[in-house]
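Novice: final35.pdb is reproduced in full below (PDB, C-alpha atoms and all ligand atoms).
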ATOM      1  CA  MET A  25     216.053  43.205  -8.189  1.00  0.00           C
ATOM      2  CA  ALA A  26     214.435  46.519  -7.248  1.00  0.00           C
ATOM      3  CA  PRO A  27     212.327  46.579  -4.066  1.00  0.00           C
ATOM      4  CA  LYS A  28     208.542  46.671  -4.591  1.00  0.00           C
ATOM      5  CA  GLU A  29     207.111  50.156  -4.269  1.00  0.00           C
ATOM      6  CA  PRO A  30     204.714  50.373  -1.256  1.00  0.00           C
ATOM      7  CA  GLN A  31     201.054  51.191  -2.094  1.00  0.00           C
ATOM      8  CA  THR A  32     200.161  54.660  -0.834  1.00  0.00           C
ATOM      9  CA  GLN A  33     196.847  55.212  -2.668  1.00  0.00           C
ATOM     10  CA  ALA A  34     193.765  55.486  -0.392  1.00  0.00           C
ATOM     11  CA  PRO A  35     190.977  52.941  -0.937  1.00  0.00           C
ATOM     12  CA  SER A  36     188.372  54.304  -3.271  1.00  0.00           C
ATOM     13  CA  ALA A  37     185.045  55.564  -1.778  1.00  0.00           C
ATOM     14  CA  PRO A  38     181.929  53.538  -2.571  1.00  0.00           C
ATOM     15  CA  ALA A  39     179.820  54.806  -5.389  1.00  0.00           C
ATOM     16  CA  PRO A  40     176.745  56.891  -4.439  1.00  0.00           C
ATOM     17  CA  GLY A  41     173.813  54.663  -3.494  1.00  0.00           C
ATOM     18  CA  LYS A  42     175.990  51.688  -2.964  1.00  0.00           C
ATOM     19  CA  THR A  43     175.307  49.641   0.117  1.00  0.00           C
ATOM     20  CA  GLY A  44     176.933  46.790   1.855  1.00  0.00           C
ATOM     21  CA  ALA A  45     179.942  46.236   3.980  1.00  0.00           C
ATOM     22  CA  GLY A  46     181.830  48.924   2.221  1.00  0.00           C
ATOM     23  CA  ALA A  47     179.141  51.547   2.936  1.00  0.00           C
ATOM     24  CA  ALA A  48     178.836  50.544   6.600  1.00  0.00           C
ATOM     25  CA  ALA A  49     182.489  50.904   6.981  1.00  0.00           C
ATOM     26  CA  ALA A  50     182.236  54.362   5.446  1.00  0.00           C
ATOM     27  CA  LYS A  51     179.511  55.551   7.950  1.00  0.00           C
ATOM     28  CA  PRO A  52     180.495  54.362  11.408  1.00  0.00           C
ATOM     29  CA  GLN A  53     177.890  54.795  14.168  1.00  0.00           C
ATOM     30  CA  PRO A  54     178.938  57.435  16.714  1.00  0.00           C
ATOM     31  CA  GLU A  55     180.041  55.777  19.859  1.00  0.00           C
ATOM     32  CA  GLY A  56     177.396  55.743  22.668  1.00  0.00           C
ATOM     33  CA  ARG A  57     174.497  56.803  20.438  1.00  0.00           C
ATOM     34  CA  GLY A  58     172.275  53.822  21.409  1.00  0.00           C
ATOM     35  CA  LYS A  59     173.047  54.415  25.025  1.00  0.00           C
ATOM     36  CA  THR A  60     171.978  58.086  24.778  1.00  0.00           C
ATOM     37  CA  ARG A  61     168.626  57.108  23.240  1.00  0.00           C
ATOM     38  CA  ARG A  62     167.945  54.631  26.040  1.00  0.00           C
ATOM     39  CA  GLU A  63     168.746  57.303  28.618  1.00  0.00           C
ATOM     40  CA  PHE A  64     166.383  59.710  26.880  1.00  0.00           C
ATOM     41  CA  ASN A  65     163.579  57.121  26.947  1.00  0.00           C
ATOM     42  CA  TRP A  66     164.060  56.492  30.649  1.00  0.00           C
ATOM     43  CA  LEU A  67     164.119  60.216  31.337  1.00  0.00           C
ATOM     44  CA  ALA A  68     160.857  60.740  29.408  1.00  0.00           C
ATOM     45  CA  LEU A  69     159.248  57.847  31.275  1.00  0.00           C
ATOM     46  CA  ALA A  70     160.365  59.258  34.606  1.00  0.00           C
ATOM     47  CA  TRP A  71     158.979  62.696  33.776  1.00  0.00           C
ATOM     48  CA  THR A  72     155.674  61.208  32.655  1.00  0.00           C
ATOM     49  CA  ALA A  73     155.358  59.255  35.898  1.00  0.00           C
ATOM     50  CA  PHE A  74     156.320  62.310  37.913  1.00  0.00           C
ATOM     51  CA  THR A  75     153.769  64.487  36.112  1.00  0.00           C
ATOM     52  CA  ALA A  76     150.995  61.894  36.560  1.00  0.00           C
ATOM     53  CA  ALA A  77     151.795  61.583  40.267  1.00  0.00           C
ATOM     54  CA  SER A  78     151.799  65.365  40.643  1.00  0.00           C
ATOM     55  CA  VAL A  79     148.411  65.727  38.914  1.00  0.00           C
ATOM     56  CA  ALA A  80     146.931  62.955  41.077  1.00  0.00           C
ATOM     57  CA  GLY A  81     148.274  64.613  44.221  1.00  0.00           C
ATOM     58  CA  LEU A  82     146.948  68.013  43.175  1.00  0.00           C
ATOM     59  CA  THR A  83     143.530  66.543  42.397  1.00  0.00           C
ATOM     60  CA  ALA A  84     143.384  64.866  45.809  1.00  0.00           C
ATOM     61  CA  THR A  85     144.332  68.152  47.471  1.00  0.00           C
ATOM     62  CA  MET A  86     141.649  70.058  45.563  1.00  0.00           C
ATOM     63  CA  ARG A  87     139.013  67.494  46.517  1.00  0.00           C
ATOM     64  CA  PHE A  88     140.062  67.835  50.136  1.00  0.00           C
ATOM     65  CA  MET A  89     139.860  71.625  49.998  1.00  0.00           C
ATOM     66  CA  PHE A  90     136.584  71.655  48.067  1.00  0.00           C
ATOM     67  CA  PRO A  91     134.576  68.613  49.214  1.00  0.00           C
ATOM     68  CA  ASN A  92     131.382  67.564  47.484  1.00  0.00           C
ATOM     69  CA  VAL A  93     128.733  69.889  48.818  1.00  0.00           C
ATOM     70  CA  LEU A  94     125.129  69.735  47.772  1.00  0.00           C
ATOM     71  CA  PHE A  95     123.970  73.282  47.160  1.00  0.00           C
ATOM     72  CA  GLU A  96     120.265  73.329  47.878  1.00  0.00           C
ATOM     73  CA  PRO A  97     118.055  76.374  47.531  1.00  0.00           C
ATOM     74  CA  PRO A  98     117.442  78.243  50.787  1.00  0.00           C
ATOM     75  CA  THR A  99     114.430  77.111  52.788  1.00  0.00           C
ATOM     76  CA  LEU A 100     113.312  80.680  53.462  1.00  0.00           C
ATOM     77  CA  PHE A 101     112.410  83.022  50.638  1.00  0.00           C
ATOM     78  CA  LYS A 102     110.367  86.074  49.765  1.00  0.00           C
ATOM     79  CA  ALA A 103     107.356  85.293  47.618  1.00  0.00           C
ATOM     80  CA  GLY A 104     106.234  88.733  46.476  1.00  0.00           C
ATOM     81  CA  TYR A 105     103.155  90.718  47.442  1.00  0.00           C
ATOM     82  CA  PRO A 106      99.771  89.123  48.149  1.00  0.00           C
ATOM     83  CA  ASP A 107      98.173  91.243  45.431  1.00  0.00           C
ATOM     84  CA  SER A 108     100.238  89.395  42.835  1.00  0.00           C
ATOM     85  CA  TYR A 109      98.208  86.234  43.563  1.00  0.00           C
ATOM     86  CA  LYS A 110      94.806  85.647  42.055  1.00  0.00           C
ATOM     87  CA  PRO A 111      92.062  84.447  44.420  1.00  0.00           C
ATOM     88  CA  GLY A 112      91.189  80.819  43.839  1.00  0.00           C
ATOM     89  CA  GLU A 113      94.381  79.938  41.951  1.00  0.00           C
ATOM     90  CA  VAL A 114      97.312  77.646  42.632  1.00  0.00           C
ATOM     91  CA  ASP A 115     100.441  79.641  41.882  1.00  0.00           C
ATOM     92  CA  GLU A 116     103.349  77.601  40.563  1.00  0.00           C
ATOM     93  CA  ARG A 117     106.008  80.303  40.203  1.00  0.00           C
ATOM     94  CA  PHE A 118     108.057  78.902  43.103  1.00  0.00           C
ATOM     95  CA  LYS A 119     107.521  75.214  42.506  1.00  0.00           C
ATOM     96  CA  GLU A 120     110.600  74.533  40.414  1.00  0.00           C
ATOM     97  CA  LYS A 121     113.072  76.536  42.480  1.00  0.00           C
ATOM     98  CA  TYR A 122     111.715  76.025  45.993  1.00  0.00           C
ATOM     99  CA  GLY A 123     109.313  73.104  45.670  1.00  0.00           C
ATOM    100  CA  VAL A 124     106.331  75.096  46.955  1.00  0.00           C
ATOM    101  CA  TRP A 125     102.894  76.023  45.647  1.00  0.00           C
ATOM    102  CA  ILE A 126     101.281  79.146  47.026  1.00  0.00           C
ATOM    103  CA  ILE A 127      97.512  79.219  47.047  1.00  0.00           C
ATOM    104  CA  ARG A 128      95.277  82.195  47.610  1.00  0.00           C
ATOM    105  CA  GLY A 129      91.805  80.946  48.395  1.00  0.00           C
ATOM    106  CA  GLU A 130      88.563  82.661  47.443  1.00  0.00           C
ATOM    107  CA  ASP A 131      88.249  83.492  51.128  1.00  0.00           C
ATOM    108  CA  ASN A 132      91.584  85.400  50.929  1.00  0.00           C
ATOM    109  CA  ILE A 133      93.377  82.889  53.079  1.00  0.00           C
ATOM    110  CA  MET A 134      96.804  82.010  51.703  1.00  0.00           C
ATOM    111  CA  TYR A 135      98.883  78.934  52.395  1.00  0.00           C
ATOM    112  CA  ALA A 136     102.045  77.332  51.040  1.00  0.00           C
ATOM    113  CA  LEU A 137     101.956  73.651  50.132  1.00  0.00           C
ATOM    114  CA  ILE A 138     105.181  71.681  49.940  1.00  0.00           C
ATOM    115  CA  ALA A 139     105.392  69.878  46.591  1.00  0.00           C
ATOM    116  CA  ILE A 140     106.429  66.493  47.953  1.00  0.00           C
ATOM    117  CA  CYS A 141     104.079  63.534  47.807  1.00  0.00           C
ATOM    118  CA  THR A 142     103.504  62.126  51.284  1.00  0.00           C
ATOM    119  CA  HIS A 143     103.538  58.584  49.912  1.00  0.00           C
ATOM    120  CA  LEU A 144     107.150  58.130  48.823  1.00  0.00           C
ATOM    121  CA  GLY A 145     108.311  61.644  48.072  1.00  0.00           C
ATOM    122  CA  CYS A 146     107.768  62.204  44.333  1.00  0.00           C
ATOM    123  CA  PRO A 147     106.902  65.736  43.178  1.00  0.00           C
ATOM    124  CA  PRO A 148     103.199  65.865  42.246  1.00  0.00           C
ATOM    125  CA  ASN A 149     101.782  68.051  39.473  1.00  0.00           C
ATOM    126  CA  TRP A 150      98.978  70.581  39.647  1.00  0.00           C
ATOM    127  CA  LEU A 151      96.247  69.673  37.151  1.00  0.00           C
ATOM    128  CA  ALA A 152      94.275  72.891  36.752  1.00  0.00           C
ATOM    129  CA  ALA A 153      91.597  71.305  34.559  1.00  0.00           C
ATOM    130  CA  GLU A 154      90.862  68.727  37.250  1.00  0.00           C
ATOM    131  CA  GLN A 155      91.576  71.082  40.149  1.00  0.00           C
ATOM    132  CA  LYS A 156      93.796  68.587  41.916  1.00  0.00           C
ATOM    133  CA  PHE A 157      97.400  67.687  42.614  1.00  0.00           C
ATOM    134  CA  LYS A 158      98.339  64.359  41.066  1.00  0.00           C
ATOM    135  CA  CYS A 159     101.454  62.336  41.816  1.00  0.00           C
ATOM    136  CA  PRO A 160     102.900  60.683  38.691  1.00  0.00           C
ATOM    137  CA  CYS A 161     104.601  57.876  40.614  1.00  0.00           C
ATOM    138  CA  HIS A 162     101.718  55.853  42.077  1.00  0.00           C
ATOM    139  CA  GLY A 163      98.685  58.000  41.414  1.00  0.00           C
ATOM    140  CA  SER A 164      98.017  59.724  44.722  1.00  0.00           C
ATOM    141  CA  GLY A 165      95.684  62.688  44.395  1.00  0.00           C
ATOM    142  CA  TYR A 166      95.155  65.739  46.598  1.00  0.00           C
ATOM    143  CA  TYR A 167      92.567  68.507  46.615  1.00  0.00           C
ATOM    144  CA  LYS A 168      93.635  72.124  46.272  1.00  0.00           C
ATOM    145  CA  SER A 169      93.658  72.303  50.051  1.00  0.00           C
ATOM    146  CA  GLY A 170      96.313  69.559  50.147  1.00  0.00           C
ATOM    147  CA  ILE A 171      93.969  66.929  51.582  1.00  0.00           C
ATOM    148  CA  ASN A 172      94.494  63.504  49.977  1.00  0.00           C
ATOM    149  CA  PHE A 173      91.552  61.691  48.404  1.00  0.00           C
ATOM    150  CA  GLU A 174      92.951  58.983  46.087  1.00  0.00           C
ATOM    151  CA  GLY A 175      95.914  56.671  45.638  1.00  0.00           C
ATOM    152  CA  PRO A 176      98.191  55.057  48.191  1.00  0.00           C
ATOM    153  CA  THR A 177      99.275  58.138  50.125  1.00  0.00           C
ATOM    154  CA  PRO A 178      98.270  57.899  53.783  1.00  0.00           C
ATOM    155  CA  ARG A 179      98.041  61.613  54.553  1.00  0.00           C
ATOM    156  CA  PRO A 180      97.714  65.160  53.147  1.00  0.00           C
ATOM    157  CA  LEU A 181     100.486  67.311  51.746  1.00  0.00           C
ATOM    158  CA  GLU A 182     102.385  69.387  54.253  1.00  0.00           C
ATOM    159  CA  ARG A 183     102.213  73.153  54.546  1.00  0.00           C
ATOM    160  CA  ALA A 184     105.137  75.529  55.105  1.00  0.00           C
ATOM    161  CA  ARG A 185     105.246  78.556  57.390  1.00  0.00           C
ATOM    162  CA  ILE A 186     103.875  81.626  55.654  1.00  0.00           C
ATOM    163  CA  THR A 187     104.017  85.158  57.077  1.00  0.00           C
ATOM    164  CA  LEU A 188     104.112  88.762  55.956  1.00  0.00           C
ATOM    165  CA  GLY A 189     107.408  90.640  56.155  1.00  0.00           C
ATOM    166  CA  GLU A 190     107.823  94.240  57.247  1.00  0.00           C
ATOM    167  CA  ASP A 191     107.981  95.300  53.617  1.00  0.00           C
ATOM    168  CA  GLY A 192     104.593  93.708  52.966  1.00  0.00           C
ATOM    169  CA  GLN A 193     105.994  90.756  51.036  1.00  0.00           C
ATOM    170  CA  ILE A 194     105.102  87.151  51.742  1.00  0.00           C
ATOM    171  CA  ILE A 195     107.805  85.110  53.449  1.00  0.00           C
ATOM    172  CA  VAL A 196     107.763  81.322  53.136  1.00  0.00           C
ATOM    173  CA  ASP A 197     109.876  79.186  55.444  1.00  0.00           C
ATOM    174  CA  LYS A 198     110.066  75.516  54.477  1.00  0.00           C
ATOM    175  CA  SER A 199     112.066  74.607  57.553  1.00  0.00           C
ATOM    176  CA  ARG A 200     108.841  74.917  59.565  1.00  0.00           C
ATOM    177  CA  LYS A 201     106.222  72.425  58.402  1.00  0.00           C
ATOM    178  CA  PHE A 202     102.631  71.862  59.426  1.00  0.00           C
ATOM    179  CA  GLN A 203     100.809  68.529  59.231  1.00  0.00           C
ATOM    180  CA  TRP A 204      97.026  68.339  59.011  1.00  0.00           C
ATOM    181  CA  GLU A 205      96.803  64.989  60.838  1.00  0.00           C
ATOM    182  CA  LYS A 206      98.516  66.551  63.843  1.00  0.00           C
ATOM    183  CA  GLY A 207      96.063  69.444  63.925  1.00  0.00           C
ATOM    184  CA  GLU A 208      98.798  71.885  62.905  1.00  0.00           C
ATOM    185  CA  TRP A 209      96.887  73.628  60.097  1.00  0.00           C
ATOM    186  CA  THR A 210      95.180  75.776  62.714  1.00  0.00           C
ATOM    187  CA  ASP A 211      98.544  77.248  63.723  1.00  0.00           C
ATOM    188  CA  PRO A 212      98.540  80.973  62.767  1.00  0.00           C
ATOM    189  CA  ASP A 213     101.893  80.518  61.024  1.00  0.00           C
ATOM    190  CA  SER A 214     100.471  77.880  58.689  1.00  0.00           C
ATOM    191  CA  PHE A 215      98.267  80.347  56.799  1.00  0.00           C
ATOM    192  CA  LEU A 216      97.962  84.025  56.027  1.00  0.00           C
ATOM    193  CA  LYS A 217      94.684  85.891  56.483  1.00  0.00           C
ATOM    194  CA  LEU A 218      94.602  88.921  54.177  1.00  0.00           C
TER     195      LEU A 218
HETATM  196  S1  LIG B 301     105.196  58.799  45.652  1.00  0.00           S
HETATM  197 FE1  LIG B 301     103.378  59.808  45.140  1.00  0.00          FE
HETATM  198  S2  LIG B 301     101.954  58.236  44.946  1.00  0.00           S
HETATM  199 FE2  LIG B 301     103.751  57.236  45.495  1.00  0.00          FE
END
Do you think you could lay out the structure here as structure tokens?
Specialist:
Amino acid sequence: MAPKEPQTQAPSAPAPGKTGAGAAAAKPQPEGRGKTRREFNWLALAWTAFTAASVAGLTATMRFMFPNVLFEPPTLFKAGYPDSYKPGEVDERFKEKYGVWIIRGEDNIMYALIAICTHLGCPPNWLAAEQKFKCPCHGSGYYKSGINFEGPTPRPLERARITLGEDGQIIVDKSRKFQWEKGEWTDPDSFLKL
């Protein structure tokens, strides 16, 4: 009896689109592929954490180098020439920026009133029709001179130092204040006689 011929033919490939154990056997996963993906994830996580820590550190450094500073307008400023003010009027051109009204009286005496209510510190408004300063917070009222006459405020508005510079311009200095109740409105620096 003749010996049986050994089978040398390779197993046939699965048909296209065919799945199952045969297909899996045909496409083996590369060794270590899952491990590489896990390493990549850890690396990305580490970089993210490192970047976040770096940004936080940089922010803290910047805050240290540039601390919160309140930039307030200077207390001393030039207010133009006296001729630019009309007699008898309250001039509001410096109220918003410097918190000061400048008044040129009919008698040509000028003074600078600080626009802070002496009750609790709100900024009053000038009501030209009523010729008075009126505080919107609790209703205190002041005459054009700054003297209080209504509402809860206990005292007049304060005046700021007002002088003439060498160039003929008015200089207002809010760091020097004058209070009526202390008799300081007679100080020659509290008004300007033209
Ligand atoms: S703060 Fe002006 S009336 Fe109270």
Novice: Do a neighbour search on region 184-186 of chain A at 7 Å with only C-alpha atoms, toss out local chain neighbours closer than 4 positions, and write the hits as a list in words.
Specialist: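 Returned residues: Tyr135, Ala136, Leu137, Ile138, Ile194, Ile195, Val196, Asp197, Lys198, Arg200, Lys201, Phe202, Asp213, Ser214, Phe215 and Leu216 of chain A.
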Novice: Print the selection's residues with C-alpha atoms to a file, as a CSV table (one decimal), keeping the file's coordinate frame.
Specialist:
chain,number,residue,atom,x,y,z
A,135,TYR,CA,98.9,78.9,52.4
A,136,ALA,CA,102.0,77.3,51.0
A,137,LEU,CA,102.0,73.7,50.1
A,138,ILE,CA,105.2,71.7,49.9
A,194,ILE,CA,105.1,87.2,51.7
A,195,ILE,CA,107.8,85.1,53.4
A,196,VAL,CA,107.8,81.3,53.1
A,197,ASP,CA,109.9,79.2,55.4
A,198,LYS,CA,110.1,75.5,54.5
A,200,ARG,CA,108.8,74.9,59.6
A,201,LYS,CA,106.2,72.4,58.4
A,202,PHE,CA,102.6,71.9,59.4
A,213,ASP,CA,101.9,80.5,61.0
A,214,SER,CA,100.5,77.9,58.7
A,215,PHE,CA,98.3,80.3,56.8
A,216,LEU,CA,98.0,84.0,56.0
Novice: To one decimal in Å, tell me the separation between CA of Gly192 (chain A) and CA of Gly123 (chain A).
Specialist: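 Atom-to-atom, CA of Gly192 (chain A) and CA of Gly123 (chain A) are spaced 22.4 Å apart.
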Novice: Using all atoms listed in the file, what are the residues with an atom within 8 Å of ligand LIG 301 (chain B), set out as a list in words?
Specialist: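 Every residue with an atom at most 8 Å from ligand LIG 301 (chain B) is listed here: Ile140, Cys141, Thr142, His143, Leu144, Gly145, Cys146, Pro147, Pro148, Lys158, Cys159, Pro160, Cys161, His162, Gly163, Ser164, Gly165, Gly175, Pro176 and Thr177 of chain A.
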Novice: Could you check which of A:Glu190, A:Phe74, A:Phe118, A:Lys168 is closest to Glu130 (chain A), using all atoms listed in the file?
Specialist: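 Of A:Glu190, A:Phe74, A:Phe118, A:Lys168, the one nearest Glu130 (chain A), counting all atoms listed in the file, is A:Lys168.
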Novice: Step by step: start from the point (99.5, 77.4, 44.1) in the file's coordinates, keep every protein, DNA or RNA residue that has an atom no farther than 6 Å from it, count only C-alpha atoms, and write the set as a PyMOL selection string.
Specialist: chain A and resi 114-116+125-127
Novice: I need the chosen residues saved as a CSV table (one decimal), in the frame of the given file, with C-alpha atoms.
Specialist:
chain,number,residue,atom,x,y,z
A,114,VAL,CA,97.3,77.6,42.6
A,115,ASP,CA,100.4,79.6,41.9
A,116,GLU,CA,103.3,77.6,40.6
A,125,TRP,CA,102.9,76.0,45.6
A,126,ILE,CA,101.3,79.1,47.0
A,127,ILE,CA,97.5,79.2,47.0
Novice: Output as AutoDock Vina command-line options the centre and edge lengths (Å, one decimal) of the box along x, y and z of the file that holds every listed atom of region 104-118 of chain A after adding 8 Å on each side.
Specialist:
--center_x 99.6 --center_y 84.4 --center_z 44.2 --size_x 32.9 --size_y 29.6 --size_z 23.9
Novice: To one decimal place, how far is CA of Glu96 (chain A) from CA of Thr187 (chain A) in Å?
Specialist: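 The value is 22.1 Å.
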Novice: Could you tell me how far CA of Ser199 (chain A) sits from CA of Gly129 (chain A), in Å to one decimal place?
Specialist: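 Spanning CA of Gly129 (chain A) to CA of Ser199 (chain A) is a straight-line distance of 23.1 Å.
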Novice: Between A:Glu63, A:Tyr166, A:Ser78, A:Asn132, which is the closest to Gly112 (chain A) once you count only C-alpha atoms?
Specialist: A:Asn132
Novice: List as a PDB file with C-alpha atoms, in the frame of the given file: which residues have an atom within 10 Å of (99.2, 92.2, 47.5), counting all atoms listed in the file?
Specialist:
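Result went into out_36.pdb, see below:
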ATOM      1  CA  GLY A 104     106.234  88.733  46.476  1.00  0.00           C
ATOM      2  CA  TYR A 105     103.155  90.718  47.442  1.00  0.00           C
ATOM      3  CA  PRO A 106      99.771  89.123  48.149  1.00  0.00           C
ATOM      4  CA  ASP A 107      98.173  91.243  45.431  1.00  0.00           C
ATOM      5  CA  SER A 108     100.238  89.395  42.835  1.00  0.00           C
ATOM      6  CA  TYR A 109      98.208  86.234  43.563  1.00  0.00           C
ATOM      7  CA  LYS A 110      94.806  85.647  42.055  1.00  0.00           C
ATOM      8  CA  GLY A 192     104.593  93.708  52.966  1.00  0.00           C
ATOM      9  CA  GLN A 193     105.994  90.756  51.036  1.00  0.00           C
ATOM     10  CA  ILE A 194     105.102  87.151  51.742  1.00  0.00           C
ATOM     11  CA  LEU A 218      94.602  88.921  54.177  1.00  0.00           C
TER      12      LEU A 218
END
